Structures are given as C-alpha cells and as structure tokens.
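*Asks:* See model33.tsv below, with TSV, C-alpha atoms.
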```tsv
chain	number	residue	atom	x	y	z
A	1	MET	CA	-31.66	-84.20	-48.54
A	2	ALA	CA	-28.24	-82.52	-48.65
A	3	ARG	CA	-26.32	-82.22	-45.40
A	4	PRO	CA	-26.84	-79.04	-43.38
A	5	VAL	CA	-24.29	-76.27	-43.96
A	6	ILE	CA	-22.30	-75.03	-40.97
A	7	GLY	CA	-20.30	-71.85	-41.37
A	8	ILE	CA	-16.83	-71.79	-39.80
A	9	LEU	CA	-15.57	-68.29	-39.05
A	10	CYS	CA	-12.00	-67.66	-40.24
A	11	ASN	CA	-9.23	-65.43	-38.92
A	12	ARG	CA	-6.94	-62.93	-40.60
A	13	TYR	CA	-3.49	-64.34	-41.28
A	14	LEU	CA	-0.45	-62.85	-43.00
A	15	SER	CA	1.02	-65.54	-45.26
A	16	GLU	CA	4.78	-65.40	-45.81
A	17	GLN	CA	4.72	-61.99	-44.09
A	18	LEU	CA	3.28	-60.63	-47.32
A	19	ARG	CA	-0.22	-61.79	-48.32
A	20	GLU	CA	-3.24	-61.21	-46.11
A	21	THR	CA	-5.39	-64.32	-46.09
A	22	GLN	CA	-8.41	-65.73	-44.28
A	23	MET	CA	-7.89	-69.15	-42.74
A	24	THR	CA	-8.91	-71.76	-40.21
A	25	GLY	CA	-7.30	-74.94	-38.99
A	26	ARG	CA	-8.00	-78.27	-40.67
A	27	ARG	CA	-9.33	-79.72	-37.42
A	28	ASN	CA	-12.19	-77.21	-37.39
A	29	ILE	CA	-13.24	-78.42	-40.82
A	30	ASP	CA	-12.88	-82.11	-40.00
A	31	ALA	CA	-14.90	-81.78	-36.80
A	32	VAL	CA	-17.84	-80.26	-38.66
A	33	ALA	CA	-17.61	-82.64	-41.62
A	34	ASN	CA	-16.92	-85.88	-39.80
A	35	VAL	CA	-18.37	-85.50	-36.29
A	36	ALA	CA	-21.27	-83.10	-36.81
A	37	ASP	CA	-21.84	-84.77	-40.22
A	38	CYS	CA	-22.49	-81.41	-41.87
A	39	THR	CA	-21.00	-79.54	-44.82
A	40	PRO	CA	-18.38	-76.99	-43.66
A	41	LEU	CA	-18.39	-73.57	-45.32
A	42	LEU	CA	-15.59	-71.14	-44.46
A	43	ILE	CA	-16.72	-67.62	-43.59
A	44	PRO	CA	-14.21	-64.82	-44.21
A	45	ALA	CA	-14.02	-62.46	-41.23
A	46	LEU	CA	-14.65	-59.44	-43.47
A	47	PRO	CA	-17.81	-57.45	-42.70
A	48	HIS	CA	-18.00	-55.84	-46.16
A	49	ALA	CA	-17.93	-59.26	-47.83
A	50	VAL	CA	-20.40	-61.22	-45.70
A	51	PRO	CA	-23.52	-59.34	-44.58
A	52	VAL	CA	-25.02	-61.14	-41.59
A	53	GLY	CA	-28.43	-61.45	-43.26
A	54	ASP	CA	-26.86	-63.26	-46.21
A	55	LEU	CA	-25.07	-65.64	-43.86
A	56	LEU	CA	-28.25	-66.52	-41.99
A	57	ALA	CA	-30.01	-67.23	-45.29
A	58	ALA	CA	-27.25	-69.68	-46.28
A	59	LEU	CA	-26.31	-71.41	-43.02
A	60	ASP	CA	-27.88	-74.02	-40.74
A	61	GLY	CA	-25.28	-73.50	-38.00
A	62	VAL	CA	-22.16	-71.55	-37.08
A	63	VAL	CA	-18.83	-72.35	-35.42
A	64	LEU	CA	-16.86	-69.43	-33.96
A	65	THR	CA	-13.29	-70.71	-33.99
A	66	GLY	CA	-10.37	-69.84	-31.78
A	67	GLY	CA	-7.82	-67.28	-32.92
A	68	ARG	CA	-4.68	-65.52	-31.77
A	69	ALA	CA	-6.25	-62.04	-31.84
A	70	ASN	CA	-8.38	-60.90	-28.90
A	71	VAL	CA	-11.75	-59.18	-28.96
A	72	HIS	CA	-11.19	-55.41	-29.01
A	73	PRO	CA	-11.87	-54.02	-25.49
A	74	ARG	CA	-13.95	-51.12	-26.81
A	75	HIS	CA	-16.74	-53.64	-27.31
A	76	TYR	CA	-16.96	-54.05	-23.53
A	77	GLY	CA	-16.19	-50.49	-22.49
A	78	GLU	CA	-12.43	-50.53	-21.95
A	79	GLU	CA	-9.49	-48.71	-23.49
A	80	LEU	CA	-7.01	-50.66	-25.62
A	81	THR	CA	-3.61	-51.25	-23.98
A	82	GLU	CA	-0.58	-53.38	-24.83
A	83	ARG	CA	-1.87	-55.97	-22.38
A	84	HIS	CA	-4.83	-56.67	-24.67
A	85	GLY	CA	-2.49	-58.07	-27.33
A	86	GLU	CA	-3.29	-58.48	-31.02
A	87	MET	CA	-6.63	-57.28	-32.40
A	88	ASP	CA	-8.76	-58.31	-35.42
A	89	ASP	CA	-11.39	-55.59	-35.88
A	90	ASP	CA	-12.85	-57.24	-38.98
A	91	ARG	CA	-13.52	-60.48	-37.15
A	92	ASP	CA	-15.21	-58.54	-34.34
A	93	GLY	CA	-17.31	-56.85	-37.02
A	94	VAL	CA	-18.60	-60.20	-38.24
A	95	ALA	CA	-18.67	-62.29	-35.07
A	96	LEU	CA	-20.49	-60.01	-32.63
A	97	PRO	CA	-23.55	-59.23	-34.80
A	98	LEU	CA	-23.55	-62.82	-36.08
A	99	VAL	CA	-23.87	-64.19	-32.54
A	100	ARG	CA	-26.90	-62.03	-31.80
A	101	ALA	CA	-28.48	-62.76	-35.18
A	102	CYS	CA	-28.07	-66.53	-34.76
A	103	ILE	CA	-29.75	-66.44	-31.36
A	104	ASP	CA	-32.60	-64.29	-32.67
A	105	ALA	CA	-33.12	-66.58	-35.69
A	106	GLY	CA	-32.75	-69.89	-33.86
A	107	VAL	CA	-29.60	-70.86	-35.79
A	108	PRO	CA	-27.34	-73.14	-33.67
A	109	ILE	CA	-23.95	-71.81	-32.69
A	110	LEU	CA	-20.83	-73.24	-31.06
A	111	GLY	CA	-18.13	-70.89	-29.78
A	112	ILE	CA	-14.60	-72.20	-29.23
A	113	CYS	CA	-11.89	-70.33	-27.29
A	114	ARG	CA	-12.15	-66.82	-28.81
A	115	GLY	CA	-15.68	-67.86	-29.76
A	116	ILE	CA	-16.88	-68.13	-26.15
A	117	GLN	CA	-15.43	-64.67	-25.54
A	118	GLU	CA	-17.28	-63.27	-28.56
A	119	MET	CA	-20.54	-64.80	-27.37
A	120	ASN	CA	-20.08	-63.23	-23.94
A	121	VAL	CA	-19.23	-59.77	-25.29
A	122	ALA	CA	-22.14	-59.93	-27.78
A	123	PHE	CA	-24.50	-60.01	-24.81
A	124	GLY	CA	-22.82	-57.28	-22.78
A	125	GLY	CA	-20.19	-59.28	-20.90
A	126	THR	CA	-16.57	-58.34	-20.22
A	127	LEU	CA	-13.21	-60.06	-20.63
A	128	HIS	CA	-9.84	-60.06	-18.89
A	129	PRO	CA	-6.79	-60.00	-21.22
A	130	GLU	CA	-4.68	-62.35	-19.08
A	131	VAL	CA	-6.64	-64.40	-16.60
A	132	ALA	CA	-3.48	-65.61	-14.81
A	133	GLU	CA	-3.02	-62.06	-13.46
A	134	LEU	CA	-6.18	-62.32	-11.36
A	135	PRO	CA	-5.80	-63.33	-7.69
A	136	GLY	CA	-6.07	-67.06	-7.18
A	137	ARG	CA	-5.97	-67.91	-10.89
A	138	HIS	CA	-3.43	-70.10	-12.64
A	139	ARG	CA	-1.85	-69.96	-16.09
A	140	HIS	CA	-4.15	-71.36	-18.77
A	141	ARG	CA	-1.81	-71.06	-21.75
A	142	MET	CA	-0.01	-73.89	-23.54
A	143	PRO	CA	3.46	-74.88	-22.28
A	144	LYS	CA	6.00	-72.23	-23.30
A	145	GLY	CA	8.04	-73.12	-26.37
A	146	CYS	CA	6.34	-76.47	-26.90
A	147	ARG	CA	5.80	-77.66	-30.50
A	148	ASP	CA	4.30	-81.10	-29.78
A	149	PRO	CA	0.53	-81.04	-30.41
A	150	GLU	CA	-0.08	-83.96	-28.04
A	151	ILE	CA	1.44	-81.93	-25.20
A	152	ILE	CA	-0.05	-78.61	-26.29
A	153	PHE	CA	-3.56	-80.09	-26.43
A	154	GLU	CA	-3.19	-82.37	-23.41
A	155	LEU	CA	-6.34	-82.70	-21.31
A	156	ARG	CA	-4.86	-80.92	-18.31
A	157	GLU	CA	-7.81	-78.83	-17.05
A	158	THR	CA	-10.55	-80.20	-14.80
A	159	VAL	CA	-13.83	-78.38	-15.48
A	160	ARG	CA	-16.73	-78.46	-13.03
A	161	LEU	CA	-20.10	-78.30	-14.79
A	162	ARG	CA	-23.25	-76.62	-13.48
A	163	PRO	CA	-25.46	-79.37	-12.01
A	164	GLY	CA	-28.50	-79.88	-14.23
A	165	GLY	CA	-27.10	-77.42	-16.79
A	166	VAL	CA	-26.92	-77.71	-20.55
A	167	LEU	CA	-23.48	-79.37	-20.66
A	168	ALA	CA	-23.91	-81.52	-17.56
A	169	SER	CA	-27.18	-82.88	-18.94
A	170	MET	CA	-25.72	-83.43	-22.41
A	171	LEU	CA	-22.59	-85.18	-21.13
A	172	GLY	CA	-24.10	-87.02	-18.18
A	173	ALA	CA	-21.31	-85.76	-15.92
A	174	GLU	CA	-20.52	-82.90	-13.56
A	175	THR	CA	-16.74	-82.87	-14.08
A	176	ILE	CA	-14.78	-83.27	-17.32
A	177	ARG	CA	-11.16	-82.96	-18.49
A	178	THR	CA	-10.27	-80.50	-21.24
A	179	ASN	CA	-7.27	-78.82	-22.86
A	180	SER	CA	-6.44	-75.24	-21.83
A	181	LEU	CA	-4.85	-72.80	-24.29
A	182	HIS	CA	-5.93	-69.25	-23.55
A	183	GLY	CA	-4.91	-66.01	-21.91
A	184	GLN	CA	-8.04	-63.89	-22.34
A	185	ALA	CA	-11.16	-65.18	-20.61
A	186	VAL	CA	-14.66	-64.22	-19.47
A	187	LEU	CA	-14.61	-61.78	-16.54
A	188	GLU	CA	-18.25	-60.71	-16.08
A	189	PRO	CA	-20.92	-62.78	-17.87
A	190	GLY	CA	-23.26	-60.93	-20.23
A	191	GLY	CA	-26.95	-60.44	-19.59
A	192	ARG	CA	-28.18	-63.65	-21.26
A	193	ILE	CA	-25.08	-65.68	-20.56
A	194	VAL	CA	-25.41	-68.70	-18.27
A	195	VAL	CA	-22.13	-70.04	-16.92
A	196	GLU	CA	-22.08	-73.80	-17.50
A	197	GLY	CA	-18.55	-74.70	-16.38
A	198	TRP	CA	-15.60	-73.49	-14.29
A	199	ALA	CA	-11.94	-74.45	-14.08
A	200	ALA	CA	-10.47	-75.33	-10.68
A	201	ASP	CA	-9.47	-71.67	-10.23
A	202	GLN	CA	-13.05	-70.53	-11.04
A	203	THR	CA	-12.21	-69.29	-14.54
A	204	VAL	CA	-15.30	-69.56	-16.76
A	205	GLU	CA	-14.81	-72.47	-19.15
A	206	ALA	CA	-18.28	-72.99	-20.65
A	207	ILE	CA	-21.45	-70.96	-21.24
A	208	SER	CA	-24.87	-71.16	-22.83
A	209	VAL	CA	-27.33	-68.46	-23.89
A	210	ALA	CA	-30.52	-68.22	-21.83
A	211	GLY	CA	-33.72	-68.51	-23.86
A	212	ALA	CA	-31.97	-69.58	-27.06
A	213	ALA	CA	-34.30	-71.48	-29.38
A	214	SER	CA	-31.49	-73.77	-30.55
A	215	PHE	CA	-28.09	-75.06	-29.45
A	216	ALA	CA	-26.01	-72.09	-28.23
A	217	VAL	CA	-22.90	-73.11	-26.31
A	218	GLY	CA	-19.43	-71.64	-25.90
A	219	VAL	CA	-16.40	-73.46	-24.50
A	220	GLN	CA	-13.02	-72.00	-23.61
A	221	TRP	CA	-11.09	-75.12	-24.63
A	222	HIS	CA	-10.25	-76.32	-28.15
A	223	ALA	CA	-13.00	-78.86	-28.74
A	224	GLU	CA	-11.95	-79.33	-32.36
A	225	TYR	CA	-8.78	-81.19	-31.35
A	226	ASN	CA	-9.39	-84.97	-31.53
A	227	ALA	CA	-13.11	-84.26	-31.83
A	228	ALA	CA	-13.85	-87.71	-33.24
A	229	VAL	CA	-12.15	-89.44	-30.30
A	230	ASP	CA	-12.58	-87.24	-27.24
A	231	PRO	CA	-16.05	-87.98	-25.77
A	232	VAL	CA	-16.68	-84.39	-24.65
A	233	SER	CA	-15.80	-82.91	-28.04
A	234	ARG	CA	-17.67	-85.62	-29.90
A	235	ALA	CA	-20.81	-84.87	-27.89
A	236	LEU	CA	-20.55	-81.13	-28.57
A	237	TYR	CA	-20.19	-81.51	-32.33
A	238	SER	CA	-22.80	-84.26	-32.51
A	239	ARG	CA	-25.31	-82.03	-30.73
A	240	LEU	CA	-24.38	-79.13	-33.02
A	241	GLY	CA	-25.00	-81.37	-36.04
A	242	ASP	CA	-28.37	-82.50	-34.70
A	243	ALA	CA	-29.37	-78.88	-34.10
A	244	ALA	CA	-28.24	-77.93	-37.62
A	245	ARG	CA	-30.38	-80.72	-39.09
A	246	ALA	CA	-33.35	-79.47	-37.10
A	247	CYS	CA	-32.68	-75.92	-38.33
A	248	GLN	CA	-32.44	-77.14	-41.92
A	249	GLY	CA	-35.69	-79.03	-41.48
A	250	ARG	CA	-37.49	-75.95	-40.19
A	251	ARG	CA	-36.34	-74.00	-43.23
A	252	ARG	CA	-37.76	-76.69	-45.51
A	253	GLY	CA	-40.89	-77.34	-43.50
A	254	VAL	CA	-39.68	-80.81	-42.44
A	255	VAL	CA	-39.87	-81.92	-38.81
A	256	VAL	CA	-36.45	-83.21	-37.68
A	257	ALA	CA	-35.74	-84.29	-34.11
A	258	ALA	CA	-32.84	-82.29	-32.61
```
What would you get if you wrote out this structure as structure tokens?

*Replies:*
Amino acid sequence: MARPVIGILCNRYLSEQLRETQMTGRRNIDAVANVADCTPLLIPALPHAVPVGDLLAALDGVVLTGGRANVHPRHYGEELTERHGEMDDDRDGVALPLVRACIDAGVPILGICRGIQEMNVAFGGTLHPEVAELPGRHRHRMPKGCRDPEIIFELRETVRLRPGGVLASMLGAETIRTNSLHGQAVLEPGGRIVVEGWAADQTVEAISVAGAASFAVGVQWHAEYNAAVDPVSRALYSRLGDAARACQGRRRGVVVAA
C-alpha cells in the first residue's frame, strides 16, 4: 500500500521582490517524509485553487506550518492595527476552514507556530500580536540579528505539560525543552481547545482539540527543526504518521492501529 499523503500548507512569498510564490521550508517536507514516513504534498494557500472538500478527499493528514504573517484579527473580533504585523488573507482562507473540516472528518492535523494559532482561532479563540507586551511575560522571539540556525532554534524554552494530557501521555513527561520563535500567541483558548502546555511565563505552548476523532495537536514551537533527532519532535511526527496510516486505512476499509 502506498504511503499516506500529508498535506503541508504553504505561505505566500515574494521571490526576488518580483514573483509571488507559494513555499514552505525544506525541514517541513523532510519531517513528514522521513519521520512521519508519509508522502508530503504541498498545499498552496490559495482558497480559489484548493477547495477544502477536494483536499479532504486527497489527504490522510495535514500540517499547518509556521509563517511570518499573522492571522488577521477580524477572525477573532478585533480591528487590524500596525501591531498585528503582516497578514496573509489567502492562507487564513484555506487554514481556518481546513482545520474545522479535518476535525469533523477525522483527518489528523498538526499545527506548528502559526498553525497552533490558526487552530485556536478556528474554534473561536483569540490571539495577542506580541505576547511579550503582556504583564509577566517574556520575549519569545529568536535572538535579534542572529543568522545561526543552531542558536535561532536552540531549545531555550521549558514547557510544562498538562498532567495526564495528550502530550504528557505521548511523551511520558510533564516538562520538555523546546525552541521559541514567535511574537503572536494564544490569548483566550477557543471553545474546543484544550491547553496541553505552558511556557514558564504561562504563555500557551501546546493545545489539542477536545473530542477530535484523530490526532489534533498544535504546538507553538518549530517542531520541524531537527525532527529526526529531537525526541519531542520525533514523537509528534511519528504519532502524526501513525494517525495518517489509520486514516488511510479507514478510507480503504483496512484496520490499521494508530
């Protein structure tokens, strides 16, 4: 049987300041192909090109990648200001309905960085454009001006996991170390969102979706970096792959253990 297909949502990017493209980082692709052991399929973040129903018919899982643009605040009832930064309306137009459709259809989904924020907003949650501005919070962005990936993606954040929760049970631990590369973050969790992990300053770092029929987890860190080596990332992508194989089996009437 062919490997399950996991869709990886792309971001808008202006190449050479001239050509609009859709892209994702190589590490997102490698994590799906080599750690989840699934076939990666890039999804353009263009609503007119990829109807959600067509995506669900073709995919056994979805990864919502990180991205520089933030979720537009109108999706959680706020006015757009300069503080909200760069927007990507087309990605919002694919990601938000895709999250809800995956949960309804039992298609596994992993949200990374912007992806956790999309999952939260899809279920009625809110975001803060710069979490460091909140009382008692610290800066979660990468070191200013740094170009060294090993420093940028250093495991500098201690995350406390919900005892007995989805991640704590999967990882067999209640604290983990992760990288931290974000400004925007979850403010109020959405109606079906279960908080699974917090940074030391109580910033939400991991979530799951209550009542989801398959794997449905969002993490604020970049799990794709060193996914084959880092035990936390490896566990996330391995579980996503298992859930995708189970989803593929259900489509074909084959029982596959998730």

*Asks:* Using all atoms listed in the file, I'd like a table of the residues in segment 60-163 of chain A that come within 7 Å of segment 217-238 of chain A; for each, show the closest atom pair and its distance in Å rounded to one decimal, ordered by chain and ascending number, as a tab-separated table.

*Replies:*
```
residue	atom	partner	partner_atom	distance
A:Ile109	CA	A:Val217	CA	6.6
A:Leu110	CA	A:Val217	CA	5.2
A:Gly111	CA	A:Gly218	CA	4.2
A:Ile112	CA	A:Val219	CA	5.2
A:Cys113	CA	A:Gln220	CA	4.2
A:Gly115	CA	A:Gly218	CA	6.6
A:Ile116	CA	A:Gly218	CA	4.3
```

*Asks:* Taking into account all atoms listed in the file, which residue in the set A:Val32, A:Ala2, A:Cys10, A:Leu127 is nearest to Gln184 of chain A?

*Replies:*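 Smallest distance to Gln184 of chain A is found for A:Leu127.
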
*Asks:* Can you measure atom CA of Arg141 of chain A to atom CA of Leu14 of chain A for me? One decimal in Å is fine.

*Replies:*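 Computing it gives 22.8 Å between the two atoms.
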
*Asks:* Which is closest to Gly125 of chain A among A:Arg160, A:Arg91, A:Arg74, A:Arg251, if we use all atoms listed in the file?

*Replies:*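 Result for the nearest residue to Gly125 of chain A: A:Arg74.
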
*Asks:* What lies within 12 Å of segment 131-134 of chain A using all atoms listed in the file, ignoring chain neighbours under 2 positions off, as a list in words?

*Replies:*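 Everything that qualifies: Arg83, His84, Leu127, His128, Pro129, Gly136, Arg137, His138, Arg139, His140, Arg141, Leu181, His182, Gly183, Gln184, Ala185, Val186, Leu187, Ala199, Asp201, Gln202, Thr203, Val204 and Glu205 of chain A.
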
*Asks:* Name all residues at most 12 Å from Thr21 of chain A (count only C-alpha atoms; drop same-chain ones fewer than 3 positions away) and give them as a PyMOL selection string.

*Replies:* chain A and resi 10-18+24+44-46

*Asks:* Work out how far atom CA of Gly191 of chain A is from atom CA of Phe123 of chain A, in Å to one decimal.

*Replies:*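 Distance reported for this atom pair: 5.8 Å.
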
*Asks:* To one decimal in Å, tell me the separation between atom CA of Ala122 of chain A and atom CA of Leu96 of chain A.

*Replies:*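 Interatomic distance here is 5.1 Å.
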
*Asks:* Which is closer to Val94 of chain A than all the others in A:Ile152, A:Ile8, A:Ala173, A:Val107, using only C-alpha atoms?

*Replies:*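 Result for the nearest residue to Val94 of chain A: A:Ile8.
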
*Asks:* When you count all atoms listed in the file, which of these residues is closest to Pro47 of chain A: A:Gly93, A:Gly106, A:Gly85, A:Pro73?

*Replies:*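 Of A:Gly93, A:Gly106, A:Gly85, A:Pro73, the one nearest Pro47 of chain A, counting all atoms listed in the file, is A:Gly93.
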
*Asks:* For each of A:Glu188, A:Asp90, A:Asp60, A:Asp54, take the minimum atom-to-atom distance to Pro40 of chain A, counting all atoms listed in the file, then give the residue where this is smallest.

*Replies:*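 Counting all atoms listed in the file, the residue closest to Pro40 of chain A is A:Asp60.
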
*Asks:* Calculated over all atoms listed in the file, which of the candidates A:Gly253, A:Pro108, A:Gly53, A:Gly197 has the smallest distance to Gly165 of chain A?

*Replies:*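 For Gly165 of chain A, the nearest of the candidates is A:Gly197.
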
*Asks:* Counting all atoms listed in the file, what is within 7 Å of Val121 of chain A, bar same-chain residues fewer than 4 positions away, as a list in words?

*Replies:*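 With the cut-off at 7 Å, the set is His75, Tyr76, Gln117, Gly125, Thr126 and Gly190 of chain A.
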
*Asks:* Can you pull out every residue within 9 Å of Pro97 of chain A, counting only C-alpha atoms, but drop anything in the same chain fewer than 5 positions away, and send it as a ChimeraX atom specification?

*Replies:* /A:52,92,102,122

*Asks:* From (-24.8, -87.9, -45.3), in the file's coordinates, out to 10 Å: which residues are reached, counting only C-alpha atoms? Answer as a list in words.

*Replies:* Met1, Ala2, Arg3, Pro4, Ala33, Asn34, Asp37, Cys38 and Thr39 of chain A

*Asks:* Emit the selected residues as a CSV table (one decimal), in the frame of the given file, including C-alpha atoms.

*Replies:*
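Written output follows (result.csv):
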```
chain,number,residue,atom,x,y,z
A,1,MET,CA,-31.7,-84.2,-48.5
A,2,ALA,CA,-28.2,-82.5,-48.6
A,3,ARG,CA,-26.3,-82.2,-45.4
A,4,PRO,CA,-26.8,-79.0,-43.4
A,33,ALA,CA,-17.6,-82.6,-41.6
A,34,ASN,CA,-16.9,-85.9,-39.8
A,37,ASP,CA,-21.8,-84.8,-40.2
A,38,CYS,CA,-22.5,-81.4,-41.9
A,39,THR,CA,-21.0,-79.5,-44.8
```

*Asks:* Around all the atoms of segment 7-25 of chain A listed in the file, with 3 Å of room on each side, what axis-aligned box do you get, giving centre and edge lengths in Å to one decimal, as AutoDock Vina command-line options?

*Replies:*
```
--center_x -7.8 --center_y -67.8 --center_z -43.6 --size_x 31.1 --size_y 20.3 --size_z 15.4
```

*Asks:* Take the structure in the block and write a file for segment 40-85 of chain A, C-alpha atoms, as a compact mmCIF listing (two decimals), in the first residue's frame.

*Replies:*
```txt
# COMPACT_ATOMS: atom_id res chain seq x y z
CA PRO A 40 4.42 15.17 1.60
CA LEU A 41 2.14 17.16 -0.71
CA LEU A 42 2.45 20.95 -0.72
CA ILE A 43 -0.84 22.84 -0.44
CA PRO A 44 -0.91 26.35 -1.93
CA ALA A 45 -2.55 28.82 0.46
CA LEU A 46 -4.96 29.97 -2.24
CA PRO A 47 -8.66 29.40 -1.50
CA HIS A 48 -9.74 29.58 -5.16
CA ALA A 49 -7.25 26.86 -6.10
CA VAL A 50 -7.80 24.31 -3.32
CA PRO A 51 -11.40 23.77 -2.21
CA VAL A 52 -11.40 22.19 1.24
CA GLY A 53 -13.58 19.28 0.12
CA ASP A 54 -11.05 18.39 -2.58
CA LEU A 55 -8.23 18.49 -0.04
CA LEU A 56 -10.02 16.16 2.35
CA ALA A 57 -10.63 13.70 -0.49
CA ALA A 58 -6.91 13.63 -1.30
CA LEU A 59 -5.19 13.82 2.09
CA ASP A 60 -4.64 11.48 5.04
CA GLY A 61 -3.26 14.24 7.26
CA VAL A 62 -2.38 17.94 7.37
CA VAL A 63 0.50 20.02 8.72
CA LEU A 64 -0.15 23.73 9.29
CA THR A 65 3.31 25.26 9.07
CA GLY A 66 4.72 28.36 10.67
CA GLY A 67 4.86 31.61 8.72
CA ARG A 68 5.86 35.23 9.08
CA ALA A 69 2.33 36.57 8.51
CA ASN A 70 -0.13 36.62 11.40
CA VAL A 71 -3.76 35.51 11.43
CA HIS A 72 -5.94 38.51 10.55
CA PRO A 73 -7.56 39.83 13.77
CA ARG A 74 -11.00 40.14 12.17
CA HIS A 75 -11.26 36.37 12.54
CA TYR A 76 -11.32 36.82 16.32
CA GLY A 77 -13.26 40.07 16.51
CA GLU A 78 -10.54 42.71 16.57
CA GLU A 79 -9.59 45.62 14.33
CA LEU A 80 -6.35 45.44 12.35
CA THR A 81 -3.57 47.72 13.63
CA GLU A 82 0.13 48.09 12.84
CA ARG A 83 0.87 45.98 15.92
CA HIS A 84 -0.69 42.95 14.20
CA GLY A 85 2.10 42.95 11.61
```
